[in-house]
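Asker: This is the content of data06.cif (mmCIF, C-alpha atoms):
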```cif
data_final
#
loop_
_atom_site.label_atom_id
_atom_site.label_comp_id
_atom_site.auth_asym_id
_atom_site.auth_seq_id
_atom_site.Cartn_x
_atom_site.Cartn_y
_atom_site.Cartn_z
CA MET J 1 9.42 -20.67 -12.57
CA SER J 2 9.87 -24.43 -12.76
CA VAL J 3 11.11 -26.60 -9.89
CA SER J 4 14.12 -27.70 -11.95
CA THR J 5 15.15 -24.09 -12.45
CA ASN J 6 14.96 -23.47 -8.69
CA THR J 7 17.00 -26.62 -8.04
CA GLN J 8 19.72 -25.54 -10.50
CA SER J 9 19.83 -22.09 -8.90
CA ASN J 10 20.14 -23.55 -5.40
CA THR J 11 22.86 -25.96 -6.55
CA LYS J 12 24.91 -23.08 -8.01
CA SER J 13 24.39 -21.08 -4.81
CA ASN J 14 25.55 -24.00 -2.66
CA LYS J 15 28.62 -24.51 -4.84
CA LYS J 16 29.56 -20.84 -4.43
CA SER J 17 29.09 -20.99 -0.66
CA LEU J 18 31.26 -24.11 -0.42
CA ALA J 19 34.00 -22.74 -2.67
CA VAL J 20 37.33 -22.05 -0.99
CA PRO J 21 38.18 -18.32 -1.33
CA PHE J 22 40.95 -17.60 -3.79
CA TRP J 23 43.06 -15.84 -1.13
CA ALA J 24 42.86 -18.96 1.03
CA GLN J 25 44.00 -21.11 -1.90
CA ILE J 26 46.96 -18.78 -2.48
CA LEU J 27 47.82 -18.78 1.23
CA ALA J 28 47.69 -22.59 1.30
CA GLY J 29 49.97 -22.66 -1.74
CA LEU J 30 52.43 -20.31 0.01
CA VAL J 31 52.56 -22.45 3.15
CA LEU J 32 52.89 -25.71 1.21
CA GLY J 33 55.55 -24.19 -1.05
CA VAL J 34 57.65 -23.05 1.93
CA LEU J 35 57.36 -26.47 3.57
CA LEU J 36 58.27 -28.37 0.41
CA GLY J 37 61.11 -25.97 -0.37
CA TRP J 38 62.53 -26.33 3.13
CA LEU J 39 62.17 -30.13 2.91
CA ALA J 40 63.88 -30.26 -0.49
CA ARG J 41 66.80 -28.13 0.71
CA SER J 42 67.29 -29.70 4.15
CA GLN J 43 67.05 -33.28 2.85
CA ASP J 44 68.88 -32.54 -0.42
CA LEU J 45 66.00 -33.94 -2.51
CA SER J 46 67.01 -33.02 -6.06
CA TRP J 47 63.93 -34.62 -7.58
CA LEU J 48 61.68 -32.41 -5.44
CA VAL J 49 63.66 -29.30 -6.39
CA THR J 50 63.27 -30.21 -10.06
CA THR J 51 59.55 -30.85 -9.61
CA LEU J 52 58.99 -27.50 -7.90
CA GLU J 53 61.03 -25.73 -10.58
CA LYS J 54 58.99 -27.36 -13.36
CA ILE J 55 55.66 -26.51 -11.71
CA GLY J 56 56.60 -22.87 -11.15
CA GLY J 57 58.26 -22.55 -14.57
CA THR J 58 55.24 -24.02 -16.34
CA PHE J 59 52.90 -21.59 -14.60
CA ILE J 60 55.04 -18.57 -15.56
CA GLY J 61 55.43 -19.99 -19.07
CA LEU J 62 51.65 -20.18 -19.47
CA LEU J 63 51.32 -16.58 -18.34
CA LYS J 64 54.03 -15.42 -20.73
CA LEU J 65 52.46 -17.39 -23.60
CA ALA J 66 49.57 -14.94 -23.72
CA VAL J 67 51.57 -11.77 -22.97
CA ALA J 68 52.46 -10.63 -26.50
CA PRO J 69 49.01 -10.95 -28.15
CA LEU J 70 47.26 -9.86 -24.93
CA VAL J 71 49.24 -6.61 -24.73
CA PHE J 72 48.76 -5.86 -28.44
CA PHE J 73 45.01 -6.35 -28.53
CA ALA J 74 44.42 -4.86 -25.05
CA ILE J 75 46.23 -1.62 -25.97
CA LEU J 76 44.59 -1.46 -29.41
CA VAL J 77 41.08 -2.00 -28.05
CA SER J 78 41.66 0.28 -25.05
CA ILE J 79 42.69 3.19 -27.29
CA THR J 80 39.66 2.76 -29.53
CA ASN J 81 37.40 2.46 -26.46
CA LEU J 82 38.38 5.99 -25.49
CA ARG J 83 36.07 7.24 -28.23
CA LYS J 84 33.18 6.11 -26.00
CA VAL J 85 34.38 8.31 -23.12
CA ASN J 86 33.83 12.04 -22.81
CA ASN J 87 37.03 14.11 -22.45
CA ALA J 88 39.19 11.13 -23.48
CA ALA J 89 42.30 13.28 -23.97
CA ARG J 90 41.82 14.81 -20.52
CA LEU J 91 41.46 11.37 -18.91
CA ALA J 92 44.57 10.06 -20.67
CA SER J 93 46.66 13.06 -19.63
CA ARG J 94 45.40 12.92 -16.03
CA THR J 95 46.21 9.20 -15.90
CA LEU J 96 49.76 9.81 -17.08
CA LEU J 97 50.14 12.72 -14.63
CA TRP J 98 49.13 10.55 -11.66
CA PHE J 99 51.44 7.78 -12.86
CA MET J 100 54.29 10.28 -12.68
CA ILE J 101 53.23 11.77 -9.32
CA THR J 102 53.00 8.41 -7.58
CA SER J 103 56.30 7.28 -9.14
CA LEU J 104 58.01 10.42 -7.83
CA ILE J 105 56.64 9.79 -4.34
CA ALA J 106 57.77 6.14 -4.48
CA VAL J 107 61.31 6.90 -5.67
CA THR J 108 61.68 9.60 -3.00
CA ILE J 109 60.75 7.04 -0.34
CA GLY J 110 63.22 4.56 -1.85
CA ILE J 111 66.08 7.08 -1.78
CA ALA J 112 65.25 8.11 1.80
CA ILE J 113 65.25 4.50 3.02
CA GLY J 114 68.54 3.78 1.24
CA LEU J 115 70.24 6.82 2.78
CA VAL J 116 69.03 5.97 6.28
CA THR J 117 69.84 2.25 6.30
CA ASN J 118 73.01 1.99 4.15
CA PRO J 119 71.99 -1.37 2.58
CA GLY J 120 75.45 -2.09 1.14
CA ALA J 121 77.27 -1.81 4.45
CA GLY J 122 78.25 -4.92 6.38
CA THR J 123 77.20 -7.44 3.72
CA GLY J 124 80.67 -8.87 3.20
CA LEU J 125 80.17 -8.54 -0.56
CA THR J 126 82.91 -7.13 -2.79
CA PRO J 127 82.95 -5.89 -6.41
CA GLU J 128 84.45 -9.26 -7.42
CA ASP J 129 81.20 -10.96 -6.37
CA GLY J 130 79.33 -9.13 -9.13
CA GLY J 131 79.10 -9.74 -12.84
CA GLU J 132 77.73 -7.93 -15.86
CA PRO J 133 74.14 -8.86 -16.71
CA LYS J 134 73.15 -10.46 -20.00
CA THR J 135 70.43 -7.86 -20.52
CA THR J 136 71.23 -4.18 -20.13
CA GLY J 137 69.43 -0.95 -20.81
CA SER J 138 70.53 2.53 -21.81
CA TRP J 139 68.70 5.66 -22.88
CA LEU J 140 69.80 5.09 -26.48
CA ASP J 141 68.53 1.50 -26.41
CA PHE J 142 65.33 2.66 -24.75
CA LEU J 143 64.60 5.38 -27.30
CA THR J 144 65.65 3.48 -30.43
CA GLY J 145 64.19 0.22 -29.16
CA ILE J 146 60.64 1.56 -29.13
CA VAL J 147 60.29 1.35 -32.93
CA PRO J 148 60.50 -2.25 -34.25
CA THR J 149 62.33 -3.19 -37.44
CA ASP J 150 59.62 -5.71 -38.37
CA VAL J 151 56.25 -6.87 -37.06
CA ILE J 152 57.27 -10.42 -36.14
CA THR J 153 60.36 -10.06 -33.95
CA PRO J 154 58.68 -8.12 -31.08
CA PHE J 155 56.26 -11.03 -30.63
CA THR J 156 58.86 -13.80 -30.88
CA GLU J 157 61.34 -12.01 -28.58
CA LEU J 158 58.60 -10.65 -26.30
CA ASN J 159 59.65 -7.01 -26.61
CA VAL J 160 56.63 -5.53 -24.84
CA LEU J 161 57.63 -1.92 -25.45
CA GLN J 162 57.67 -2.42 -29.23
CA ILE J 163 54.38 -4.32 -29.06
CA VAL J 164 52.84 -1.37 -27.18
CA PHE J 165 54.15 0.99 -29.88
CA MET J 166 52.61 -1.05 -32.72
CA ALA J 167 49.32 -1.43 -30.86
CA ALA J 168 49.15 2.31 -30.17
CA VAL J 169 49.80 3.13 -33.83
CA ALA J 170 47.15 0.61 -34.92
CA GLY J 171 44.64 1.97 -32.40
CA ILE J 172 45.15 5.60 -33.42
CA ALA J 173 44.90 4.62 -37.10
CA ALA J 174 41.66 2.77 -36.40
CA LEU J 175 40.24 5.87 -34.73
CA GLN J 176 41.16 7.94 -37.77
CA LEU J 177 39.55 5.47 -40.17
CA GLY J 178 36.26 5.44 -38.27
CA GLU J 179 33.63 3.04 -39.60
CA LYS J 180 36.01 1.52 -42.15
CA ALA J 181 38.02 0.01 -39.28
CA GLN J 182 34.99 -1.47 -37.50
CA PRO J 183 35.50 -5.05 -38.82
CA ILE J 184 39.08 -5.01 -37.49
CA LEU J 185 37.92 -3.64 -34.16
CA THR J 186 35.22 -6.29 -33.86
CA LEU J 187 37.79 -9.01 -34.59
CA SER J 188 40.25 -7.46 -32.10
CA GLU J 189 37.63 -7.37 -29.35
CA SER J 190 36.75 -11.02 -30.00
CA VAL J 191 40.41 -12.08 -29.95
CA LEU J 192 40.96 -10.13 -26.71
CA GLU J 193 37.99 -11.88 -25.07
CA LEU J 194 39.36 -15.23 -26.24
CA LEU J 195 42.81 -14.47 -24.78
CA GLN J 196 41.33 -13.29 -21.50
CA LYS J 197 39.21 -16.43 -21.28
CA ALA J 198 42.28 -18.63 -21.76
CA LEU J 199 44.30 -16.56 -19.28
CA TRP J 200 41.58 -16.91 -16.64
CA TRP J 201 42.11 -20.66 -16.81
CA VAL J 202 45.79 -20.06 -16.11
CA ILE J 203 44.96 -17.69 -13.26
CA ARG J 204 42.92 -20.44 -11.63
CA LEU J 205 46.16 -22.47 -11.48
CA ALA J 206 47.85 -19.76 -9.40
CA PRO J 207 47.68 -21.72 -6.10
CA LEU J 208 49.53 -24.62 -7.75
CA GLY J 209 51.97 -22.20 -9.37
CA THR J 210 52.54 -20.66 -5.94
CA VAL J 211 53.68 -24.02 -4.54
CA GLY J 212 56.26 -24.36 -7.33
CA LEU J 213 57.52 -20.76 -7.35
CA ILE J 214 57.86 -20.30 -3.59
CA GLY J 215 59.11 -23.84 -3.05
CA ASN J 216 61.78 -23.50 -5.74
CA ALA J 217 62.91 -20.13 -4.33
CA ILE J 218 63.36 -21.60 -0.84
CA ALA J 219 65.00 -24.80 -2.13
CA THR J 220 67.38 -22.93 -4.43
CA TYR J 221 68.38 -19.94 -2.30
CA GLY J 222 67.46 -20.94 1.23
CA TRP J 223 67.45 -18.50 4.13
CA ASP J 224 71.22 -17.90 4.09
CA LEU J 225 70.96 -15.75 0.98
CA ILE J 226 68.23 -13.64 2.53
CA GLY J 227 70.43 -13.22 5.61
CA LYS J 228 73.34 -11.88 3.56
CA TYR J 229 71.04 -9.37 1.88
CA ALA J 230 68.93 -8.81 5.00
CA THR J 231 69.11 -5.00 5.05
CA PHE J 232 68.60 -4.66 1.31
CA THR J 233 65.68 -7.11 1.29
CA ALA J 234 64.07 -5.39 4.28
CA ASP J 235 64.54 -1.98 2.61
CA VAL J 236 62.71 -3.06 -0.54
CA TYR J 237 59.87 -4.70 1.39
CA VAL J 238 59.52 -1.81 3.81
CA GLY J 239 59.63 0.74 0.99
CA CYS J 240 56.95 -1.10 -0.96
CA ALA J 241 54.87 -1.52 2.20
CA ILE J 242 55.04 2.23 2.94
CA VAL J 243 53.83 3.01 -0.57
CA LEU J 244 51.24 0.23 -0.62
CA PHE J 245 49.78 0.72 2.86
CA GLY J 246 50.72 4.33 3.55
CA VAL J 247 50.89 6.47 0.42
CA TYR J 248 48.08 4.78 -1.50
CA PRO J 249 45.56 4.95 1.38
CA ALA J 250 46.50 8.61 1.96
CA LEU J 251 45.84 9.41 -1.71
CA LEU J 252 42.55 7.53 -1.63
CA ALA J 253 41.37 9.38 1.49
CA GLY J 254 42.72 12.79 0.51
CA VAL J 255 42.30 12.89 -3.28
CA ALA J 256 39.49 10.45 -4.03
CA LYS J 257 37.65 10.96 -0.71
CA ALA J 258 37.23 7.19 -0.62
CA ASN J 259 37.63 4.53 2.06
CA PRO J 260 41.08 2.90 1.65
CA LEU J 261 39.91 -0.35 3.24
CA GLN J 262 37.30 -0.71 0.51
CA PHE J 263 40.00 -0.32 -2.12
CA PHE J 264 42.08 -3.14 -0.67
CA ARG J 265 39.00 -5.29 -0.19
CA GLY J 266 38.15 -4.98 -3.87
CA ALA J 267 41.68 -5.03 -5.31
CA TRP J 268 43.13 -7.76 -3.10
CA PRO J 269 42.63 -10.68 -5.56
CA ALA J 270 44.81 -8.90 -8.15
CA ILE J 271 47.42 -7.85 -5.57
CA GLN J 272 47.87 -11.38 -4.26
CA LEU J 273 48.09 -12.88 -7.76
CA ALA J 274 50.73 -10.27 -8.63
CA PHE J 275 52.71 -11.27 -5.53
CA VAL J 276 52.78 -14.89 -6.67
CA SER J 277 53.12 -14.54 -10.45
CA ARG J 278 55.55 -11.59 -10.43
CA SER J 279 53.99 -10.39 -13.68
CA SER J 280 51.96 -7.20 -14.07
CA VAL J 281 50.90 -8.13 -17.60
CA GLY J 282 49.93 -11.65 -16.56
CA THR J 283 47.76 -10.16 -13.81
CA MET J 284 46.25 -7.52 -16.13
CA PRO J 285 42.84 -9.17 -16.82
CA LEU J 286 42.26 -9.61 -13.10
CA THR J 287 43.49 -6.06 -12.38
CA GLN J 288 40.99 -4.70 -14.88
CA LYS J 289 38.18 -6.76 -13.36
CA VAL J 290 38.82 -5.55 -9.80
CA THR J 291 39.23 -1.95 -11.04
CA GLU J 292 35.80 -2.10 -12.67
CA ARG J 293 34.43 -3.71 -9.52
CA LEU J 294 35.68 -0.66 -7.60
CA GLY J 295 33.39 1.56 -9.68
CA VAL J 296 35.71 2.71 -12.48
CA PRO J 297 33.83 2.88 -15.83
CA ARG J 298 34.69 -0.06 -18.05
CA GLU J 299 35.56 2.10 -21.07
CA TYR J 300 38.12 4.05 -19.05
CA ALA J 301 39.42 1.02 -17.12
CA SER J 302 40.04 -0.84 -20.39
CA PHE J 303 42.45 1.97 -21.31
CA ALA J 304 44.04 2.83 -17.96
CA VAL J 305 44.80 -0.71 -16.75
CA PRO J 306 46.60 -2.02 -19.88
CA PHE J 307 48.44 1.31 -20.10
CA GLY J 308 49.45 0.98 -16.45
CA ALA J 309 50.45 -2.68 -16.77
CA THR J 310 53.15 -1.67 -19.26
CA THR J 311 54.28 1.67 -17.79
CA LYS J 312 53.19 2.01 -14.13
CA MET J 313 55.85 0.36 -11.94
CA ASP J 314 56.21 1.96 -8.50
CA GLY J 315 57.87 -1.17 -7.10
CA CYS J 316 60.13 -2.25 -9.97
CA ALA J 317 60.91 1.16 -11.47
CA ALA J 318 60.96 3.51 -8.47
CA ILE J 319 61.59 1.96 -5.05
CA TYR J 320 63.83 -0.91 -6.16
CA PRO J 321 66.28 0.91 -8.50
CA ALA J 322 66.65 3.76 -5.99
CA ILE J 323 67.68 1.44 -3.15
CA ALA J 324 69.68 -0.81 -5.51
CA ALA J 325 71.68 2.13 -6.90
CA ILE J 326 72.66 3.17 -3.36
CA PHE J 327 73.50 -0.46 -2.54
CA VAL J 328 75.77 -0.85 -5.60
CA ALA J 329 77.46 2.52 -4.98
CA GLN J 330 78.32 1.46 -1.42
CA ILE J 331 79.68 -1.92 -2.50
CA PHE J 332 81.94 -0.23 -5.07
CA ASP J 333 82.79 2.61 -2.64
CA ILE J 334 81.39 5.34 -4.90
CA GLN J 335 79.99 8.51 -3.36
CA LEU J 336 76.65 9.74 -4.73
CA GLY J 337 75.75 13.42 -4.66
CA VAL J 338 72.52 15.40 -4.81
CA GLY J 339 72.68 15.44 -8.61
CA ASP J 340 72.86 11.64 -8.67
CA TYR J 341 69.75 11.32 -6.53
CA LEU J 342 67.91 13.73 -8.82
CA LEU J 343 68.97 11.54 -11.76
CA ILE J 344 67.58 8.45 -9.98
CA ALA J 345 64.25 10.26 -9.58
CA PHE J 346 64.29 11.37 -13.22
CA VAL J 347 64.96 7.84 -14.51
CA SER J 348 62.23 6.38 -12.31
CA VAL J 349 59.57 8.87 -13.40
CA VAL J 350 60.43 8.99 -17.11
CA GLY J 351 61.94 5.59 -17.86
CA SER J 352 59.58 3.22 -16.04
CA ALA J 353 58.15 1.94 -19.34
CA ALA J 354 61.45 0.12 -19.84
CA THR J 355 60.31 -2.53 -17.36
CA ALA J 356 57.37 -3.26 -19.67
CA GLY J 357 55.40 -5.36 -17.21
CA LEU J 358 57.57 -8.46 -17.42
CA THR J 359 58.91 -10.57 -14.59
CA GLY J 360 61.95 -8.87 -13.09
CA ALA J 361 63.35 -5.32 -13.18
CA THR J 362 66.89 -5.91 -14.46
CA VAL J 363 66.49 -3.62 -17.47
CA MET J 364 65.30 -0.73 -15.31
CA LEU J 365 68.16 -1.25 -12.88
CA THR J 366 70.77 -1.28 -15.65
CA LEU J 367 69.19 1.87 -17.11
CA THR J 368 69.55 3.57 -13.73
CA LEU J 369 73.13 2.39 -13.19
CA SER J 370 74.22 3.42 -16.69
CA THR J 371 72.67 6.88 -16.21
CA LEU J 372 74.59 7.31 -12.94
CA GLY J 373 77.80 5.86 -14.37
CA LEU J 374 77.84 3.04 -11.81
CA PRO J 375 79.47 -0.33 -12.67
CA MET J 376 77.14 -2.77 -14.43
CA GLU J 377 78.77 -5.58 -12.45
CA GLY J 378 76.64 -4.40 -9.56
CA VAL J 379 73.59 -5.98 -11.17
CA GLY J 380 75.15 -9.41 -10.74
CA LEU J 381 75.20 -8.88 -6.99
CA LEU J 382 71.40 -8.67 -6.93
CA LEU J 383 70.30 -11.31 -9.44
CA ALA J 384 70.22 -14.14 -6.90
CA ILE J 385 67.88 -12.30 -4.53
CA ASP J 386 65.71 -10.87 -7.33
CA PRO J 387 62.88 -13.47 -7.32
CA ILE J 388 62.23 -12.90 -3.63
CA LEU J 389 62.19 -9.11 -4.07
CA ASP J 390 60.09 -9.25 -7.21
CA MET J 391 57.04 -10.62 -5.41
CA MET J 392 56.59 -7.50 -3.27
CA ARG J 393 57.61 -5.17 -6.09
CA THR J 394 54.99 -6.56 -8.47
CA ALA J 395 52.26 -6.49 -5.82
CA THR J 396 53.01 -2.79 -5.35
CA ASN J 397 53.01 -2.25 -9.12
CA VAL J 398 49.59 -3.80 -9.58
CA ALA J 399 48.07 -1.97 -6.61
CA GLY J 400 49.21 1.28 -8.19
CA GLN J 401 47.79 0.24 -11.56
CA ALA J 402 44.36 -0.15 -9.93
CA LEU J 403 44.75 2.92 -7.72
CA VAL J 404 45.33 5.57 -10.41
CA PRO J 405 42.10 4.84 -12.37
CA VAL J 406 40.18 5.13 -9.09
CA LEU J 407 41.84 8.48 -8.31
CA VAL J 408 41.22 9.89 -11.79
CA SER J 409 37.63 8.61 -11.91
CA ALA J 410 36.90 10.13 -8.51
CA ARG J 411 38.42 13.50 -9.47
CA GLU J 412 36.49 13.56 -12.75
CA GLY J 413 33.19 12.56 -11.14
CA LEU J 414 33.07 9.22 -13.00
CA LEU J 415 33.53 6.86 -10.06
CA ASP J 416 30.50 4.77 -9.15
CA ARG J 417 30.53 5.42 -5.41
CA GLN J 418 27.94 2.76 -4.65
CA ALA J 419 29.97 0.11 -6.48
CA TYR J 420 33.13 1.25 -4.68
CA ASP J 421 31.50 1.17 -1.25
CA THR J 422 30.18 -2.36 -1.82
CA ALA J 423 33.34 -3.78 -3.49
CA HIS J 424 34.30 -7.17 -2.11
CA GLY J 425 37.25 -9.54 -2.27
CA SER J 426 35.31 -12.53 -3.54
CA PRO J 427 37.03 -15.51 -5.18
CA VAL J 428 38.32 -15.04 -8.70
CA GLU J 429 35.60 -15.42 -11.29
CA GLU J 430 35.65 -15.38 -15.05
CA PRO J 431 34.79 -12.11 -16.79
CA GLU J 432 31.09 -11.50 -16.61
CA ARG J 433 28.99 -12.08 -19.73
CA GLU J 434 25.47 -11.12 -20.54
CA PRO J 435 23.11 -13.64 -18.88
CA GLU J 436 21.45 -16.08 -21.22
CA GLN J 437 17.71 -15.88 -21.64
CA VAL J 438 16.25 -18.96 -19.97
CA PRO J 439 12.67 -19.92 -20.83
CA VAL J 440 10.40 -19.66 -17.81
CA ALA J 441 7.91 -22.44 -17.35
CA ALA J 442 4.32 -21.40 -16.86
#
```
Can you dump the structure from the file as structure tokens?
Answerer:
Amino acid sequence: MSVSTNTQSNTKSNKKSLAVPFWAQILAGLVLGVLLGWLARSQDLSWLVTTLEKIGGTFIGLLKLAVAPLVFFAILVSITNLRKVNNAARLASRTLLWFMITSLIAVTIGIAIGLVTNPGAGTGLTPEDGGEPKTTGSWLDFLTGIVPTDVITPFTELNVLQIVFMAAVAGIAALQLGEKAQPILTLSESVLELLQKALWWVIRLAPLGTVGLIGNAIATYGWDLIGKYATFTADVYVGCAIVLFGVYPALLAGVAKANPLQFFRGAWPAIQLAFVSRSSVGTMPLTQKVTERLGVPREYASFAVPFGATTKMDGCAAIYPAIAAIFVAQIFDIQLGVGDYLLIAFVSVVGSAATAGLTGATVMLTLTLSTLGLPMEGVGLLLAIDPILDMMRTATNVAGQALVPVLVSAREGLLDRQAYDTAHGSPVEEPEREPEQVPVAA
């Protein structure tokens, strides 16, 4: 090997060793965002508030820009990739089953916490403080809204559920066509790689986005708002923490017979990006990467992760609506019975796809309230605190989206145990490509 080749290799190695870990960049962004947000609010610096809002809004806008085509091509390709996996139907059904099991556990924890703590008591809030949301959800809207009326509107209005429907139909049709659909599949895989490449550039901006998002939240809402909703906020964070650091490790140890610490070591880059971005779909490429790094076969991960990013929402669709429903019922002085709590569990397990991986869980909450017959004005009571809650909810969502493929792979004997045991939380890197063949000097 030539001296120049050795020099280039050493230079790359030194650059990697000197690189600041991604988690440290995110942490620095969090600290700086809190400081700037506090400064902007305490000194009434409107220009700084506007700057933070623009930085955070631009970051979320860049993530959302890729959501529609990313979801379509990811679902399409993931469905067609199942043909490369043995027992594809079994894997798909087991994945869905574990989605439902973990959602049921999460919503049960949410209901239990709400009943113990009474989050709506002592807040000083009244029904007059609420207001009907602009976006609502009902079972009729949910069922009829799956099928689009045209192929353009779901992309322009970012209706993720309809995009998933069209992608699933296209993927199943491609499987039926076989070789005739190969040119379309090749194009779809290339477009998906292009989108993921562009999204990785956006992900690298996450520390800067963190400064804007956290800073704007502090500058806009301050600590007073958190104080008024202290019990409710604590309930959501504690509920998510119990699921994230209690239920998930127990499932890993008991079901997958795997070390929970290794899971968090490997999945942590995706979890922390989810906390900042508040978008499961925006985090999806990174979630898939860390899931593969944990030993899940790529062909299966490319199906399970996109599927989970649009339907698997333990934070937004289970813990949060359960506690929020109890909160709203207490504010409006409405007594909930056993049947109502069973309805909350049913909505969380069956209707979680309504959240569709976007920032926020308003649609899922309105679906829950409408099912229980609770006033929609209750949603308005929670909109102000939503961005602060959504960080922990989305982190829990994404952890669950990586967890289930690991559980299923372990149960089916597909998990690469060596890869899992050596998984690491290294800085974010671009998706790996085949190494180029470099001529070796004699």
Asker: Residues within 8 Å of stretch 400-415 of chain J, please, as a PDB file with C-alpha atoms, in the coordinates of the input. Count only C-alpha atoms; anything in the same chain fewer than 3 positions from it doesn't count.
Answerer:
```pdb
ATOM      1  CA  LEU J  91      41.460  11.370 -18.910  1.00  0.00           C
ATOM      2  CA  ARG J  94      45.400  12.920 -16.030  1.00  0.00           C
ATOM      3  CA  THR J  95      46.210   9.200 -15.900  1.00  0.00           C
ATOM      4  CA  TRP J  98      49.130  10.550 -11.660  1.00  0.00           C
ATOM      5  CA  PHE J  99      51.440   7.780 -12.860  1.00  0.00           C
ATOM      6  CA  LEU J 244      51.240   0.230  -0.620  1.00  0.00           C
ATOM      7  CA  TYR J 248      48.080   4.780  -1.500  1.00  0.00           C
ATOM      8  CA  LEU J 251      45.840   9.410  -1.710  1.00  0.00           C
ATOM      9  CA  LEU J 252      42.550   7.530  -1.630  1.00  0.00           C
ATOM     10  CA  VAL J 255      42.300  12.890  -3.280  1.00  0.00           C
ATOM     11  CA  ALA J 256      39.490  10.450  -4.030  1.00  0.00           C
ATOM     12  CA  LYS J 257      37.650  10.960  -0.710  1.00  0.00           C
ATOM     13  CA  ALA J 267      41.680  -5.030  -5.310  1.00  0.00           C
ATOM     14  CA  THR J 287      43.490  -6.060 -12.380  1.00  0.00           C
ATOM     15  CA  GLN J 288      40.990  -4.700 -14.880  1.00  0.00           C
ATOM     16  CA  VAL J 290      38.820  -5.550  -9.800  1.00  0.00           C
ATOM     17  CA  THR J 291      39.230  -1.950 -11.040  1.00  0.00           C
ATOM     18  CA  LEU J 294      35.680  -0.660  -7.600  1.00  0.00           C
ATOM     19  CA  GLY J 295      33.390   1.560  -9.680  1.00  0.00           C
ATOM     20  CA  VAL J 296      35.710   2.710 -12.480  1.00  0.00           C
ATOM     21  CA  PRO J 297      33.830   2.880 -15.830  1.00  0.00           C
ATOM     22  CA  TYR J 300      38.120   4.050 -19.050  1.00  0.00           C
ATOM     23  CA  ALA J 301      39.420   1.020 -17.120  1.00  0.00           C
ATOM     24  CA  ALA J 304      44.040   2.830 -17.960  1.00  0.00           C
ATOM     25  CA  VAL J 305      44.800  -0.710 -16.750  1.00  0.00           C
ATOM     26  CA  GLY J 308      49.450   0.980 -16.450  1.00  0.00           C
ATOM     27  CA  ALA J 309      50.450  -2.680 -16.770  1.00  0.00           C
ATOM     28  CA  LYS J 312      53.190   2.010 -14.130  1.00  0.00           C
ATOM     29  CA  MET J 313      55.850   0.360 -11.940  1.00  0.00           C
ATOM     30  CA  ASP J 314      56.210   1.960  -8.500  1.00  0.00           C
ATOM     31  CA  THR J 396      53.010  -2.790  -5.350  1.00  0.00           C
ATOM     32  CA  ASN J 397      53.010  -2.250  -9.120  1.00  0.00           C
ATOM     33  CA  TYR J 420      33.130   1.250  -4.680  1.00  0.00           C
TER      34      TYR J 420
END
```
Asker: Applying 12 Å and all atoms listed in the file, which residues near J:Lys54 remain after dropping the ones on its own chain fewer than 4 positions away? List them as a PyMOL selection string.
Answerer: chain J and resi 47-50+58-62+208-213+215-216
Asker: Quick one: apply the PyMOL selection byres ((chain J and resi 299) around 7) to the file and drop the selected residues here as a PyMOL selection string.
Answerer: chain J and resi 81-82+84-85+297-298+300-303
Asker: At a cut-off of 12 Å, using all atoms listed in the file, what residues contact J:Gly339? Leave out same-chain residues fewer than 6 positions from it and give the result as a ChimeraX atom specification.
Answerer: /J:345-346,371-372
Asker: Near stretch 230-243 of chain J, counting all atoms listed in the file, which residues have an atom at most 9 Å away, once you skip same-chain residues fewer than 3 positions from it, shown as a PyMOL selection string?
Answerer: chain J and resi 102+105-106+109-110+113-114+117-121+123+225-227+246-249+314-315+319-320+323-324+327+385+388-389+392-393+395-396
Asker: Counting all atoms listed in the file, figure out which residue out of J:Ile214, J:Leu342, J:Thr80, J:Leu187 gets nearest to J:Pro387.
Answerer: J:Ile214
Asker: Please evaluate the PyMOL selection byres ((chain J and resi 266) around 7) against the displayed coordinates and give the resulting residues as a list in words.
Answerer: Gln262, Phe263, Phe264, Arg265, Ala267, Trp268, Val290, Arg293, Leu294, Ala423, His424 and Gly425 of chain J
Asker: For the residues in the current selection, export C-alpha atoms as a short mmCIF file (atom, residue, chain, number, x, y, z; two decimals), keeping the file's coordinate frame.
Answerer:
```
data_model
loop_
_atom_site.label_atom_id
_atom_site.label_comp_id
_atom_site.auth_asym_id
_atom_site.auth_seq_id
_atom_site.Cartn_x
_atom_site.Cartn_y
_atom_site.Cartn_z
CA GLN J 262 37.30 -0.71 0.51
CA PHE J 263 40.00 -0.32 -2.12
CA PHE J 264 42.08 -3.14 -0.67
CA ARG J 265 39.00 -5.29 -0.19
CA ALA J 267 41.68 -5.03 -5.31
CA TRP J 268 43.13 -7.76 -3.10
CA VAL J 290 38.82 -5.55 -9.80
CA ARG J 293 34.43 -3.71 -9.52
CA LEU J 294 35.68 -0.66 -7.60
CA ALA J 423 33.34 -3.78 -3.49
CA HIS J 424 34.30 -7.17 -2.11
CA GLY J 425 37.25 -9.54 -2.27
#
```
Asker: Given the PyMOL selection byres ((chain J and resi 163-174) around 7) and the file above, list the residues it selects as JSON, numbers by chain.
Answerer: {"J": [71, 72, 73, 75, 76, 77, 79, 80, 146, 147, 154, 159, 160, 161, 162, 175, 176, 177, 178, 181]}
Asker: Report, in Å with one decimal, the straight-line distance from atom CA of J:Leu52 to atom CA of J:Ala28.
Answerer: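 We find that atom CA of J:Leu52 and atom CA of J:Ala28 lie 15.4 Å from each other.
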Asker: Take atom CA of J:Leu65 and atom CA of J:Val398 and report the distance between them in Å, one decimal.
Answerer: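 So the two atoms, atom CA of J:Leu65 and atom CA of J:Val398, lie 19.7 Å apart.
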